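Novice: Dropping a structure here in C-alpha cells format, bear with me for questions.
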Amino acid sequence: MEIGVDSFAPLAPIANEADRPRLSAERVARLMQEIETADRAGIDVFGVGEHHRPDSVDSATVVLLAAAAARTRDIRLTSAVTVLSADDPVRVFQQYATLDLISRGRAEIQVGRGSFTEAFPLFGHSLEKYDELFAEKLDLLLALNGAPRVSWQGALRPALDDQPIFPRPLQTKIPVWLAVGGTPESFVRAGLLGVPLMIAIIGGEPRRFRPLVDLYRRAGAQAGHAPETLKLGLHLYSYVAETDAQALDEFWPGYEERFAAIGRERGWPPPTRAAYEAQTGEHGAYLMGAPATVVDKIRRIDAALGGVDRVTFQMTNALLPHEKMLTALELIGGKVKPALASP
C-alpha cells in the first residue's frame with residue numbers, strides 16, 4: 001500500500017490585506033519544507049490541491065510541484081485535484097509532462113470537478129455544463145497521454161487533426177487518477193476507462209463505499225481492463241501525533257476554523273468537537289491518532305473495501321504550527337508506512 005499526503009497550502013486568516021504577499025510567500029516556503037520532509041521520511045506521494053480562493057496559495061499547482069521536484073529525489077508529485085472542467089487538457093498535459101521531465105518521471109495527475117466552483121466563472125465556463133465539460137476534457141486528456149499525435153473531436157472545444165503534442169513525459173504515460181465523491185456514475189466512468197480511482201471521503205463511514213467500489217471494479221472488468229490497472233485510493237482527513245489525545249487536540253483548532261468558514265458560505269452549522277471526535281472513532285472517516293491507532297484503522301478500511309492501493313493523508317490545517325506538521329510527516333513516514341508494510 002502506498003502512503004501519501006495532500007495539502008491545499010492553506011493561509012491562516014489575514015487581519016491586514018497589506019500582509020498577504022509576505023504571508024503567502026512564507027506559506028509557500030513552508031509547503032516546500034513539508035514536501036522535502038515527506039520525501040526524506042519515505043512517504044510515497046505528495047499532492048497539492050487547486051483552489052482559487054483567498055484562503056489558499058495553490059491556484060498554480062504545477063508551479064508549486066515543479067519547485068518541489070527540484071528539491072526532492074524520490075517522492076511522486078501529483079495534483080489533488082486538477083479542476084479539469086475549467087482547464088484546457090492540452091495545457092494540463094504539457095505542464096505535467098514538463099513536470100515529469102523536471103522530476104525524472106515522478107509526475108501524476110488527479111483530475112476531478114473539485115468541491116468549489118470559483119474556477120468556472122474565473123475561466124469563462126458555465127456551471128450548467130459541469131458534467132459535460134469534465135467528460136469531454138477527460139477524454140481528450142487521456143488521448144493526449146496515450147500518443148504523441150492526436151486526432152480528436154468534441155462538442156465544446158476545437159478539434160485536433162493529427163496534432164503533434166509536445167513535450168512527451170519521461171514515463172510512458174503519466175498516471176491519471178480520477179478523483180470522485182460519491183456518485184455511482186463517477187465510479188462506473190473510472191471503471192470503464194480503466195483509470196485509478198481516488199475517493200475523497202470527508203465524512204461518514206468508509207466501509208459504506210464498498211458497493212460503489214465493487215461497481216468500479218465490475219465496470220472495469222466488463223470493459224476488459226486488467227485488475228492491476230483498477231487501483232483504489234482514499235483521500236481522508238488525517239493527522240498523526242505521539243498519542244491519540246494529542247492528535248485530536250492539535251488538529252482541532254484549524255479543523256474548526258476551516259469548516260466553520262466553509263459552513264458560513266454554504267449554510268452549514270458550525271462543526272462540533274463531538275462530531276469531530278465521532279469521525280475519528282472506530283468506523284469514522286478520519287485517520288487521527290498515534291501511529292498504531294492510525295495503522296489499525298487503515299487495515300480495517302483496507303479489509304472493508306476489499307483492498308486499497310493508496311491512502312493519502314489530507315492534513316490541510318492553517319492553524320497547525322509548522323513544526324508539528326513536520327513531526328507528523330516524520331511519524332507517517334517513519335512509523336505508519338513501515339507498520340503497514342509488515343504482515
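Just remember, in the C-alpha cells the first chain shown is A, the second B, etc., residues are 1-based per chain, and ligands are 1-based in the order shown.
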Would you mind listing, for every residue of stretch 38-117 of chain A within 9 Å of stretch 131-142 of chain A, the two atoms forming the shortest contact and the distance between them in Å to one decimal, using only C-alpha atoms, sorted by chain and ascending residue number, as CSV?
Specialist:
```
residue,atom,partner,partner_atom,distance
A:Val83,CA,A:Phe134,CA,8.7
A:Leu84,CA,A:Phe134,CA,6.2
A:Ser85,CA,A:Phe134,CA,4.5
A:Ala86,CA,A:Leu133,CA,7.8
A:Asp87,CA,A:Lys137,CA,8.4
A:Asp88,CA,A:Lys137,CA,7.4
A:Pro89,CA,A:Leu141,CA,5.2
A:Val90,CA,A:Leu141,CA,7.0
A:Val92,CA,A:Leu141,CA,7.9
A:Phe93,CA,A:Leu141,CA,6.7
A:Val111,CA,A:Leu138,CA,8.0
A:Gly112,CA,A:Phe134,CA,7.8
A:Arg113,CA,A:Phe134,CA,6.9
```
Novice: Which stretch 1-96 of chain A residues have any atom within 9 Å of an atom of stretch 313-322 of chain A, and for each, what is the nearest pair of atoms with distance in Å to one decimal, counting only C-alpha atoms, rows sorted by chain and number, as CSV?
Specialist:
```
residue,atom,partner,partner_atom,distance
A:Ile3,CA,A:Phe313,CA,7.7
A:Gly4,CA,A:Phe313,CA,6.0
A:Val5,CA,A:Phe313,CA,4.5
A:Asp6,CA,A:Gln314,CA,4.9
A:Ser7,CA,A:Thr316,CA,5.2
A:Phe8,CA,A:Thr316,CA,5.8
A:Ala9,CA,A:Thr316,CA,6.9
A:Pro10,CA,A:Ala318,CA,5.2
A:Leu11,CA,A:Ala318,CA,5.5
A:Ala12,CA,A:Ala318,CA,4.9
A:Pro13,CA,A:Ala318,CA,8.2
A:Arg30,CA,A:His322,CA,7.3
A:Glu34,CA,A:His322,CA,8.6
A:Asp55,CA,A:Ala318,CA,8.8
```
Novice: Assign secondary structure with DSSP using the backbone only, and return the residues of stretch 48-284 of chain A in alpha helix (DSSP H) as a VMD selection string.
Specialist: chain A and resid 61 to 69 89 to 102 119 to 122 130 to 146 184 to 193 210 to 222 244 to 266 273 to 279
Novice: In Å, with one decimal, what is the gap from atom CA of A:Arg189 to atom CA of A:Arg157?
Specialist: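 Atom CA of A:Arg157 lies 20.8 Å from atom CA of A:Arg189.
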Novice: Excluding A:Ala226 and its own-chain neighbours fewer than 5 positions away, which residues fall within 12 Å of it when counting only C-alpha atoms? Please give them as a PyMOL selection string.
Specialist: chain A and resi 191-196+217-221+231
Novice: Counting only C-alpha atoms, figure out which residue out of A:Tyr216, A:Phe251, A:Phe123, A:Tyr130 gets nearest to A:Pro184.
Specialist: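 Ranking A:Tyr216, A:Phe251, A:Phe123, A:Tyr130 by distance to A:Pro184, first place goes to A:Tyr216.
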Novice: Would you list the contacts of A:Ala245 as a list in words, taking every protein, DNA or RNA residue within 12 Å and counting only C-alpha atoms, but skipping same-chain residues closer than 3 positions in sequence?
Specialist: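 The filter keeps Tyr239, Val240, Ala241, Glu242, Leu248, Asp249, Glu250, Phe251, Trp252, Glu277, Thr280, Met288, Gly289, Ala290 and Thr293 of chain A.
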Novice: Between A:Asn16, A:Gln33, A:Ser103, A:Asn145, which is the closest to A:Phe166 once you count only C-alpha atoms?
Specialist: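 Using only C-alpha atoms, A:Phe166 sits closest to A:Asn145.
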Novice: Taking into account only C-alpha atoms, which residue in the set A:Thr98, A:Ser59, A:Thr183, A:Thr117 is nearest to A:Val213?
Specialist: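 Result for the nearest residue to A:Val213: A:Thr183.
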Novice: Could you list, with a cut-off of 9 Å and counting only C-alpha atoms, the residues of stretch 37-79 of chain A near stretch 330-343 of chain A, each shown with its nearest atom pair and the distance in Å rounded to one decimal, rows sorted by chain and ascending number, as a Markdown table?
Specialist:
```
| residue | atom | partner | partner_atom | distance |
| --- | --- | --- | --- | --- |
| A:Thr37 | CA | A:Glu330 | CA | 7.1 |
| A:Ala38 | CA | A:Glu330 | CA | 7.0 |
| A:Asp39 | CA | A:Gly333 | CA | 8.7 |
| A:Arg40 | CA | A:Glu330 | CA | 8.4 |
| A:Ala41 | CA | A:Gly333 | CA | 4.6 |
| A:Gly42 | CA | A:Gly333 | CA | 5.3 |
| A:Ile43 | CA | A:Gly333 | CA | 5.1 |
| A:Asp44 | CA | A:Gly333 | CA | 8.6 |
```
Novice: Using N, CA, C and O atoms, can you write the selected residues to a file as a short mmCIF file (atom, residue, chain, number, x, y, z; two decimals), in the first residue's frame?
Specialist:
```cif
data_model
loop_
_atom_site.label_atom_id
_atom_site.label_comp_id
_atom_site.auth_asym_id
_atom_site.auth_seq_id
_atom_site.Cartn_x
_atom_site.Cartn_y
_atom_site.Cartn_z
N THR A 37 10.40 17.25 3.64
CA THR A 37 10.35 16.37 4.81
C THR A 37 9.67 15.05 4.46
O THR A 37 10.13 13.97 4.85
N ALA A 38 8.57 15.13 3.71
CA ALA A 38 7.88 13.91 3.29
C ALA A 38 8.78 13.02 2.44
O ALA A 38 8.78 11.79 2.57
N ASP A 39 9.56 13.63 1.57
CA ASP A 39 10.48 12.87 0.72
C ASP A 39 11.53 12.17 1.57
O ASP A 39 11.79 10.97 1.41
N ARG A 40 12.14 12.89 2.51
CA ARG A 40 13.16 12.28 3.37
C ARG A 40 12.57 11.19 4.25
O ARG A 40 13.25 10.20 4.57
N ALA A 41 11.30 11.35 4.64
CA ALA A 41 10.65 10.37 5.53
C ALA A 41 10.23 9.11 4.79
O ALA A 41 9.80 8.14 5.42
N GLY A 42 10.32 9.10 3.47
CA GLY A 42 9.96 7.91 2.71
C GLY A 42 8.51 7.82 2.32
O GLY A 42 8.04 6.75 1.88
N ILE A 43 7.75 8.91 2.46
CA ILE A 43 6.36 8.93 2.01
C ILE A 43 6.33 8.81 0.49
O ILE A 43 7.19 9.36 -0.21
N ASP A 44 5.36 8.09 -0.05
CA ASP A 44 5.36 7.73 -1.46
C ASP A 44 4.96 8.86 -2.40
O ASP A 44 5.50 8.97 -3.51
#
```
Novice: Using only C-alpha atoms, find the one residue out of A:Gly306, A:Pro175, A:Gly267, A:Gly47 that sits nearest to A:Ser79.
Specialist: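 Smallest separation from A:Ser79 among the options: A:Gly47.
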Novice: Find the residues around A:Arg76 up to 8 Å (only C-alpha atoms counted), leave out those fewer than 5 positions away in its own chain, and share them as a compact mmCIF listing (two decimals) with N, CA and C atoms, in the first residue's frame.
Specialist:
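In the end it all went to selection_2.txt:
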```txt
# COMPACT_ATOMS: atom_id res chain seq x y z
N ASP A 44 5.36 8.09 -0.05
CA ASP A 44 5.36 7.73 -1.46
C ASP A 44 4.96 8.86 -2.40
N VAL A 45 4.01 9.68 -2.00
CA VAL A 45 3.46 10.66 -2.93
C VAL A 45 2.98 11.88 -2.15
N PHE A 46 3.12 13.07 -2.75
CA PHE A 46 2.62 14.31 -2.16
C PHE A 46 1.75 15.00 -3.20
N ARG A 106 8.40 11.42 -12.04
CA ARG A 106 7.65 11.29 -10.79
C ARG A 106 6.30 12.01 -10.81
N ALA A 107 5.85 12.46 -11.95
CA ALA A 107 4.62 13.24 -12.02
C ALA A 107 3.39 12.35 -12.15
N GLU A 108 2.31 12.80 -11.53
CA GLU A 108 0.99 12.20 -11.68
C GLU A 108 -0.03 13.33 -11.78
```
